[in-house]
Amino acid sequence: MFRGSLRESPAHTPDMEQQRSSPRSVVVVTADADLLEDVLSVTAAVGLEPEVHPDVSGLRRRWSTVSAVLVGADQAERVAGLRLPRRGDVVVVGRESEHDALHRWSLELGASVAAFPTGANWLSGALAAPGSRGRGPGTILGVLGGSGGVGASTVVAALGVVAARDHRSVLLVEADPYGGGLDLLLGAERLPGWRWPRLAGARGHLGDLRGQLPHVEGCDLLAMARGAGVGGRDPGPEPLEAVLGSAAQSHDLVLVDLPRASTPASGAALGMADLLVLVVRANVGGAAAARELVADLEVGCPVGLLVRTDRVRSLTPDAVAEGLDLPLWGVCPDDRMVPLAAERGDPPGRSTRSPLAGACRALLDHLPARGRAA
Ligand SMILES: Nc1ncnc2c1ncn2[C@@H]1O[C@H](COP(=O)(O)OP(=O)(O)OP(=O)(O)O)[C@@H](O)[C@H]1O
Ligand SMILES: [Mg+2]
């Protein structure tokens, strides 16, 4: 029923693949002796002897011919000043204490980030397998509503709140440009931190985004910005891939609130998801709408159902699962406190004894092993 659709990052062109297949050439641009020492210990470990440039004078000539360019934080401003064309496999390297500057230059150059000392592991993996997404061990869980207003965004937020209480590191990612705002749902609309527009230039590995994003109920949150119009709110596939790939390194669980209408960003998210939860209402209309959605869904990971029951229930959860030919991963009962809490901006799932929190705990406990690893 589901067509596999794992995609390659569009940032990597066939030309670049060809260049990479020849003996690999790496340029390091830095005049920082300590940083250079750290970088050279990583390149030596993967059997590479980079060309070292203490400044940017020879960089334009080498920019499009080498396999990878490692830009020291000390030279990043000068590299940006050259206004070179965008290319893949550029990494801004520096120290964790320079976190903010590294992220700023990474967005400016469309480059990955390796912050020493912890970034050394990622960098050696990226140099050993160029073009790889460097996917980390965290689980990327997509959540999709089978029909409008079924409670998908509420489930994303509540799963995050429940998982964070269980000491998991969680990132909530809003990828629905038509949604009402995960920040509103969590009462986080006034919290400082980056929203999607700040990450519009994100490419490759972004390092750890914790500290840059709003943090609410134990979860990091990447929400849409308001007022940009739907066109300005869709994150786009490359930034979404960069965020999800990087977050899977830094967070245990990455929860993505997906739009029902297909967008370039949602296609990228479905391509990277390890598991997809489809929230379906337990009535004939809800099941019929979900059937249409499922028929058009292109996803290469396991998909399961969270059936949202109403007080007037016309179908059993098992009947919904049977009708859609999908496994039943959980049941989310109607909870009249949920809309009231949402209006107040009280995070859903906060009350440990609420039916919604119970449904989320059960879902998290019974999820199948991560799709990619399984
Ligand atoms: N388990 C629940 N019980 C009762 N009401 C709920 C439940 N879950 C969500 N709701 C309410 O349903 C409404 C829609 O919820 P939500 O925005 O989460 O749905 P959605 O599927 O994301 O909608 P959209 O299609 O707009 O993205 C909200 O008023 C919310 O408070
Ligand atoms: Mg929603």
# chains A, B, ... in the order shown; residues from 1 in each chain; ligands from 1
>>> residues_near_ligand(ligand="ligand 2", cutoff="9 Å", atoms="only C-alpha atoms and all ligand atoms", output="VMD selection string")
chain A and resid 144 to 145 148 to 154 156 174 176 178 to 182 257 to 260
>>> write_last_selection(atoms="C-alpha atoms", output="PDB file, in the first residue's frame")
ATOM      1  CA  LEU A 144      -0.645  13.117  10.654  1.00  0.00           C
ATOM      2  CA  GLY A 145      -4.374  13.781  11.069  1.00  0.00           C
ATOM      3  CA  GLY A 148      -9.309  18.030   9.839  1.00  0.00           C
ATOM      4  CA  GLY A 149      -9.418  18.902  13.525  1.00  0.00           C
ATOM      5  CA  VAL A 150      -9.039  15.288  14.690  1.00  0.00           C
ATOM      6  CA  GLY A 151      -6.493  16.294  17.339  1.00  0.00           C
ATOM      7  CA  ALA A 152      -3.156  15.540  15.581  1.00  0.00           C
ATOM      8  CA  SER A 153      -1.354  18.678  16.818  1.00  0.00           C
ATOM      9  CA  THR A 154      -2.666  18.045  20.325  1.00  0.00           C
ATOM     10  CA  VAL A 156       2.171  15.864  19.016  1.00  0.00           C
ATOM     11  CA  GLU A 174       5.787  22.135  13.399  1.00  0.00           C
ATOM     12  CA  ASP A 176       2.069  22.220   9.003  1.00  0.00           C
ATOM     13  CA  TYR A 178      -1.894  25.594   7.844  1.00  0.00           C
ATOM     14  CA  GLY A 179      -1.775  24.725  11.559  1.00  0.00           C
ATOM     15  CA  GLY A 180      -2.885  26.973  14.383  1.00  0.00           C
ATOM     16  CA  GLY A 181       0.577  27.015  15.964  1.00  0.00           C
ATOM     17  CA  LEU A 182       2.199  24.482  18.288  1.00  0.00           C
ATOM     18  CA  ASP A 257       3.330  17.804  13.199  1.00  0.00           C
ATOM     19  CA  LEU A 258       2.631  17.089   9.506  1.00  0.00           C
ATOM     20  CA  PRO A 259       0.114  18.790   7.207  1.00  0.00           C
ATOM     21  CA  ARG A 260      -2.559  16.693   5.469  1.00  0.00           C
TER      22      ARG A 260
END
>>> select_by_dssp(residues="region 48-216 of chain A", states="strand (DSSP E or B)", output="PyMOL selection string")
chain A and resi 51-53+68-72+90-95+112-116+139-145+170-174+215-216
>>> residues_around(residues="region 112-114 of chain A", least_positions_apart="3", cutoff="6 Å", atoms="only C-alpha atoms", output="ChimeraX atom specification")
/A:91-93,106,119,204-207
>>> closest_atom_pairs(of="region 99-214 of chain A", to="region 52-75 of chain A", cutoff="9 Å", atoms="only C-alpha atoms", output="tab-separated table")
residue	atom	partner	partner_atom	distance
A:Ala101	CA	A:Ala73	CA	7.6
A:Leu102	CA	A:Ala73	CA	6.5
A:Trp105	CA	A:Ala73	CA	7.9
A:Leu127	CA	A:Ala68	CA	8.0
A:Pro130	CA	A:Ser67	CA	8.1
>>> write_last_selection(atoms="N, CA and C atoms", output="compact mmCIF listing (two decimals), in the first residue's frame")
# COMPACT_ATOMS: atom_id res chain seq x y z
N ALA A 101 27.81 31.88 17.12
CA ALA A 101 28.48 32.32 15.88
C ALA A 101 28.50 31.19 14.86
N LEU A 102 28.75 29.97 15.33
CA LEU A 102 28.80 28.83 14.39
C LEU A 102 27.46 28.66 13.69
N TRP A 105 26.99 31.46 11.05
CA TRP A 105 27.73 31.27 9.79
C TRP A 105 27.22 30.06 9.03
N LEU A 127 33.16 12.96 7.10
CA LEU A 127 34.29 12.90 6.17
C LEU A 127 34.50 11.48 5.65
N PRO A 130 31.08 10.93 2.80
CA PRO A 130 30.60 12.23 2.36
C PRO A 130 29.22 12.12 1.74
>>> residues_around(residues="Gln212 (chain A)", least_positions_apart="2", cutoff="10 Å", atoms="only C-alpha atoms", output="list in words")
His99, Asp100, His103, Pro192, Gly193, Trp194, Arg195, Asp208, Leu209, Arg210, Pro214, His215, Asp220, Leu221 and Leu222 of chain A
>>> closest_residue(among="A:Leu240, A:Val307, A:Ala44, A:Leu253", to="ligand 1", atoms="only C-alpha atoms and all ligand atoms")
A:Val307
>>> residues_around(residues="Arg203 (chain A)", least_positions_apart="6", cutoff="8 Å", atoms="only C-alpha atoms", output="list in words")
Ser106, Leu107, Gly110, Ala111, Ser112, Glu238, Pro239, Glu241 and Ala242 of chain A
>>> atom_distance(atom1="CA of Gly236 (chain A)", atom2="CA of Thr263 (chain A)")
8.2 Å
>>> closest_residue(among="A:Gly160, A:Pro177, A:Gly245, A:Gly300", to="ligand 1", atoms="only C-alpha atoms and all ligand atoms")
A:Pro177
>>> residues_around(residues="Pro348 (chain A)", least_positions_apart="4", cutoff="9 Å", atoms="only C-alpha atoms", output="list in words")
Thr154, Val155, Ala157, Ala158, Leu159, Val161, Leu185, Leu186, Val338, Ala341, Ala342, Leu356 and Ala357 of chain A
>>> residues_around(residues="His251 (chain A)", least_positions_apart="4", cutoff="8 Å", atoms="only C-alpha atoms", output="list in words")
Gly138, Arg168, Ser169, Val170, Leu171 and Ala247 of chain A
>>> closest_residue(among="A:Leu315, A:Pro368, A:Asp38, A:Ala163", to="Arg95 (chain A)", atoms="only C-alpha atoms")
A:Asp38
>>> closest_residue(among="A:Val90, A:Val280, A:Val28, A:Leu191", to="ligand 1", atoms="only C-alpha atoms and all ligand atoms")
A:Val280
>>> closest_residue(among="A:Leu172, A:Ala33, A:Ile140, A:Ala128", to="Gly271 (chain A)", atoms="only C-alpha atoms")
A:Ile140
